[in-house]
Amino acid sequence: MANRLTLLFFTFIFMTHITLAQQVGYVTGRVTNEKGKGIDGVTVAITGTSIGTNTDRKGEYKLEVPGNISVTIVYSYLSYQKQSRSISLIPGQTKEIDITLKAEVTELEGFTKSAERRDQAGVIPLDISKANTIPNTGFGSGVEALIKTYVGSNNELTSQYNVRGGNYDENLVYVNDFEIYRPFLTRSGQQEGMSFVNADLVAGVDFSVGGFQSKYGDKMSSVLDVKYKKPTEFGGRIVASMLGASLALEGASKNQKLTWLFGARHKSNQYLLKSQPTKGIYNPSFTDIQADIVYNISKKWEVELIGNYARNRFNFAPEEQTSSFGLINKAFQLRVFYDGKEIDQFDSRFGGISTTFKPNKKLRLKLLASGFQTNEKETYDILGEYLLGELETDLGKESFGQLKTYLGTGIIHTYARNYLKVNVADVGHRGLYDGGKHFIQWGVGGSVTSIDDKLNEWERRDSAGYTQPFDPNKLELTRVYSSTASFNYIRYTGYLQDNFYFGDSTKLTGSIGARFNYSTLNKELLISPRAHLAYKPNWERDWIFKLAGGLYQQPPFYREMRDLNGVVNQSLKAQKSYHILLGTGYNFKAAKRPFKLTTEVYYKGLWDIVPYEYDNVRIRYFGNNNARGRVYGGELRLYGDIVKNATSWISVGILRAEEDIINDNIVYQDVSGVDSAIVYPGYIPRPADQRFMLGMYFEDYLPRNENFKMHLNLIYTSGLPFGPPDKQRYGDTLRLPDYKRVDIGFSALLLDGGKHLDSKVYKSFKKIWFSVEVFNLLGIQNTLSYSWIQDQSSGLTFAVPNRLTSRLINAKLIIDF
């Protein structure tokens, strides 16, 4: 029956497509700048219609044009002068039109001269057009799904990512030069809302995995630099799936002085969470609204307003959980019956305003002010009664797979009343000056941060009637976190950077700069010099060689200050590192299709770092600068049209991340309880020590019909370190199983409005796509972490795996208009 329904569904789509089809012609070509370099992301559209496309990385494009009709094609790109061409094609005709766009603002011309994205070590330009097509479980987090194919992941429920041995807190995010913050109390991916970055509003994204320039802030791992659109006409997108829905609108005034963007999204991953091992009543609700308005007062003055409100709720009443684990000949099962519930609230608000003044073509001055506020509440009171037993593993017995021996019973009672309020106010100035061979950038700013935190969290365990840890004289809790903190501080920052080039004949570009950071909380002044060079030899083949390095120092925000017992260390110093990167890039063609190969090796030296451990996606720090470390590795990436007009990529990386906790030691005692030996562990793996990763996005379509597509998202990463919950980092040297996941999607074009200009209804839509996605195609049970169960009677401790999501099917509809 299911096969018949599937056949009927695709037959319906095919017949719909055939019915709506109309003969068209094609315009192909390449859009370049005045130096002949292809421009990525140029909008190529037919005026008065919703028909349009964008150029690829080489500046090439292909546009369908209605036959036997005279149309005007407009080529537009931010800060370049528009160009238009009027044509009339007969059905089936293909015409080639190459366009050269002239720069409108010298600022981008200077940036193109001295800091091409391809010339910067560690920078990955993300293909934002794939954000809605890549199959992933994180509705509203398409940009982060793309990032994970480059850096790896071990958890599909979160939008957070580790970069080159760093943790989530070491990643910077900017939207239109405003720094973006994320919630603090989020413990698991189940509680997470959507990413701040709304992919439907984005024009371009640069992602730097290390060695980034001085103009970016004070974090140690990565920078996500997002630029929102500046639309030229009204348009929008509607996305609806079994995981959520979104609406994006954009427009501009007739004189193009006012442009605006609006996005509203709602996510309810109840359907997804039902596939997890813990059964119960899930009631998640995540909503956000975002707007961006830009008004050009004159050719010299521009004002921008940006705002975001996110309302995230997670209510959960667990009922039961069954986990089987062990070996083929020695298997166990843990069954837990719950009573209680969890109620979480994460509300955040962000608003920003900027004013840009361009007194002449070479100078740009920008003032920014923004405010961020988050109000977070995490409350739960859950009692779990468990039964641990051994399973029958003899295939010849009728009781195979059933419990044969009861090993123990117990209770796990968890409780929390955690409340956090954070307010951040930022003001700053940024400037640019194009001096020909030197492109100067500078900035100064200040921020006021206010923290109000109340932490009250504990866990009680009972095994066979004995409280753990057992003490015959008093009642002990397994763990207790209780503290309050209320304080504020001011941080001053600034940077100066020169992007330069030595002339067209040398093909050598680079940048050198430094930034400072001073905090009134710990009275620490940080100076971070950074530099990069890029050399393109005058070879027949298109090679480029890149080198980058510098200091990257991360002042504590708040989470790093709070130790495992909840005590806040306000005198905590910044974590410090230096980066060295060496990379290459090679553009080539194979089978007449464009490809790009990049390689990088890197080394990061770390000192004054704060040890930490993962609790699902929450990071628990030790609260002291008492460790040093190192991270080194290499990465290889290949981008290109493996299938014509269908860009795919593959990324492979290896790394080793280690740390040495100063004065850390293990004391061994003899049978009489006397200290007999002291061992210093030395370097141990960091929690993000992901030794190997493979990420791939592959796109294909039916032969001779690009309206039926397949999208494949594959991630393989080696297991991360973990250990027992004893607050001792030297024991965290065990390894989680490797993470293996394949998500696949099939999409069909239901309607192409550009082929139906004679229909008032159809021509109002650009395109309508319908897709079916299969998450976790191979049905692999990936393990995120372990719960530790100690049997008081036998003294044995069992590590019970906490599994991630199983196989699931999702349907999605995308309407562009």
# chains A, B, ... in the order shown; residues from 1 in each chain; ligands from 1
>>> residues_around(residues="Val427 (chain A)", least_positions_apart="5", cutoff="9 Å", atoms="only C-alpha atoms", output="PyMOL selection string")
chain A and resi 367-371+444-447
>>> closest_atom_pairs(of="region 322-350 of chain A", to="region 761-784 of chain A", cutoff="12 Å", atoms="only C-alpha atoms", output="CSV")
residue,atom,partner,partner_atom,distance
A:Ser323,CA,A:Gln781,CA,11.2
A:Ser324,CA,A:Gln781,CA,11.2
A:Phe325,CA,A:Thr783,CA,11.0
>>> write_last_selection(atoms="N, CA and C atoms", output="tab-separated table (two decimals), in the first residue's frame")
chain	number	residue	atom	x	y	z
A	323	SER	N	16.46	1.61	27.84
A	323	SER	CA	17.76	1.66	27.15
A	323	SER	C	18.42	0.30	27.27
A	324	SER	N	18.77	-0.28	26.13
A	324	SER	CA	19.51	-1.54	26.10
A	324	SER	C	20.93	-1.26	25.65
A	325	PHE	N	21.90	-1.92	26.26
A	325	PHE	CA	23.30	-1.63	25.96
A	325	PHE	C	24.14	-2.84	26.34
>>> closest_residue(among="A:Asn154, A:Gln120, A:Thr259, A:Thr28", to="Val294 (chain A)", atoms="only C-alpha atoms")
A:Thr259
>>> closest_atom_pairs(of="region 478-587 of chain A", to="region 418-423 of chain A", cutoff="12 Å", atoms="only C-alpha atoms", output="tab-separated table")
residue	atom	partner	partner_atom	distance
A:Tyr481	CA	A:Asn418	CA	9.9
A:Ser482	CA	A:Asn418	CA	9.3
A:Ser483	CA	A:Asn418	CA	9.8
A:Thr484	CA	A:Tyr419	CA	9.6
A:Ala485	CA	A:Leu420	CA	9.5
A:Ser486	CA	A:Lys421	CA	9.4
A:Phe487	CA	A:Val422	CA	10.2
A:Asn488	CA	A:Asn423	CA	9.2
A:Tyr489	CA	A:Asn423	CA	10.9
A:Ile490	CA	A:Asn423	CA	11.8
A:Phe557	CA	A:Val422	CA	10.5
A:Tyr558	CA	A:Val422	CA	9.5
A:Arg559	CA	A:Leu420	CA	11.1
A:Gly566	CA	A:Asn418	CA	11.1
>>> write_last_selection(atoms="N, CA and C atoms", output="short mmCIF file (atom, residue, chain, number, x, y, z; two decimals), in the first residue's frame")
data_model
loop_
_atom_site.label_atom_id
_atom_site.label_comp_id
_atom_site.auth_asym_id
_atom_site.auth_seq_id
_atom_site.Cartn_x
_atom_site.Cartn_y
_atom_site.Cartn_z
N TYR A 481 24.39 22.35 43.52
CA TYR A 481 24.87 23.64 43.04
C TYR A 481 23.94 24.69 43.62
N SER A 482 24.51 25.60 44.37
CA SER A 482 23.69 26.66 44.96
C SER A 482 24.52 27.92 45.08
N SER A 483 24.07 28.98 44.40
CA SER A 483 24.80 30.24 44.48
C SER A 483 23.93 31.35 43.92
N THR A 484 24.29 32.57 44.27
CA THR A 484 23.69 33.77 43.68
C THR A 484 24.81 34.72 43.28
N ALA A 485 24.59 35.44 42.21
CA ALA A 485 25.59 36.40 41.75
C ALA A 485 24.88 37.55 41.06
N SER A 486 25.32 38.76 41.40
CA SER A 486 24.76 39.96 40.78
C SER A 486 25.88 40.99 40.66
N PHE A 487 26.26 41.30 39.44
CA PHE A 487 27.34 42.25 39.24
C PHE A 487 27.27 42.80 37.82
N ASN A 488 28.04 43.82 37.54
CA ASN A 488 28.13 44.37 36.20
C ASN A 488 29.55 44.85 35.95
N TYR A 489 29.89 45.01 34.70
CA TYR A 489 31.23 45.46 34.35
C TYR A 489 31.20 46.13 32.99
N ILE A 490 32.26 46.86 32.70
CA ILE A 490 32.40 47.58 31.43
C ILE A 490 33.61 47.02 30.69
N PHE A 557 33.09 35.99 29.82
CA PHE A 557 31.82 36.71 29.76
C PHE A 557 31.04 36.49 31.05
N TYR A 558 30.64 35.29 31.31
CA TYR A 558 30.05 34.94 32.61
C TYR A 558 30.16 33.44 32.87
N ARG A 559 29.80 32.66 31.87
CA ARG A 559 29.73 31.22 32.09
C ARG A 559 31.08 30.65 32.53
N GLY A 566 29.11 26.18 41.36
CA GLY A 566 28.29 27.37 41.25
C GLY A 566 28.96 28.64 41.74
#
>>> residues_around(residues="Phe722 (chain A)", least_positions_apart="3", cutoff="10 Å", atoms="only C-alpha atoms", output="VMD selection string")
chain A and resid 613 to 614 685 to 688 719 725 729 731 to 736 785 to 786
>>> select_by_dssp(residues="region 734-771 of chain A", states="strand (DSSP E or B)", output="list of chain:residue names")
A:Leu734, A:Arg735, A:Tyr739, A:Lys740, A:Arg741, A:Val742, A:Asp743, A:Ile744, A:Gly745, A:Phe746, A:Ser747, A:Ala748, A:Leu749, A:Leu750, A:Leu751, A:Asp752, A:Lys767, A:Ile768, A:Trp769, A:Phe770, A:Ser771
>>> closest_residue(among="A:Leu247, A:Leu146, A:Met710, A:Ile124", to="Met696 (chain A)", atoms="only C-alpha atoms")
A:Leu146
>>> closest_residue(among="A:Val448, A:Ala291, A:Ile99, A:Val143", to="Leu305 (chain A)", atoms="only C-alpha atoms")
A:Ala291
>>> closest_residue(among="A:Val163, A:Met242, A:Ile343, A:Ile97", to="Met693 (chain A)", atoms="only C-alpha atoms")
A:Val163
>>> closest_residue(among="A:Asp471, A:Asp169, A:Glu233, A:Glu304", to="Glu560 (chain A)", atoms="only C-alpha atoms")
A:Asp169
>>> closest_residue(among="A:Thr805, A:Thr449, A:Thr520, A:Ser129", to="Glu156 (chain A)", atoms="only C-alpha atoms")
A:Thr805
>>> residues_around(residues="Pro231 (chain A)", least_positions_apart="3", cutoff="8 Å", atoms="only C-alpha atoms", output="number ranges by chain")
A: 234, 250-252, 259-260
>>> atom_distance(atom1="CA of Pro472 (chain A)", atom2="CA of Arg460 (chain A)")
15.8 Å
>>> atom_distance(atom1="CA of Leu564 (chain A)", atom2="CA of Thr478 (chain A)")
13.2 Å
>>> atom_distance(atom1="CA of Gln160 (chain A)", atom2="CA of Gly140 (chain A)")
12.7 Å
>>> select_by_dssp(residues="region 597-785 of chain A", states="helix (DSSP H, G or I)", output="number ranges by chain")
A: 729-731, 753-755, 762-764
>>> write_last_selection(atoms="C-alpha atoms", output="tab-separated table (two decimals), in the first residue's frame")
chain	number	residue	atom	x	y	z
A	729	ARG	CA	39.41	16.00	34.30
A	730	TYR	CA	42.19	13.40	34.21
A	731	GLY	CA	39.56	10.63	34.06
A	753	GLY	CA	6.01	31.16	-12.28
A	754	GLY	CA	8.46	32.42	-14.88
A	755	LYS	CA	7.01	29.97	-17.39
A	762	TYR	CA	0.88	31.53	-11.59
A	763	LYS	CA	3.13	34.45	-12.54
A	764	SER	CA	2.82	35.91	-9.02
>>> residues_around(residues="Leu391 (chain A)", least_positions_apart="2", cutoff="9 Å", atoms="only C-alpha atoms", output="PyMOL selection string")
chain A and resi 324+330-333+389+393+399-405
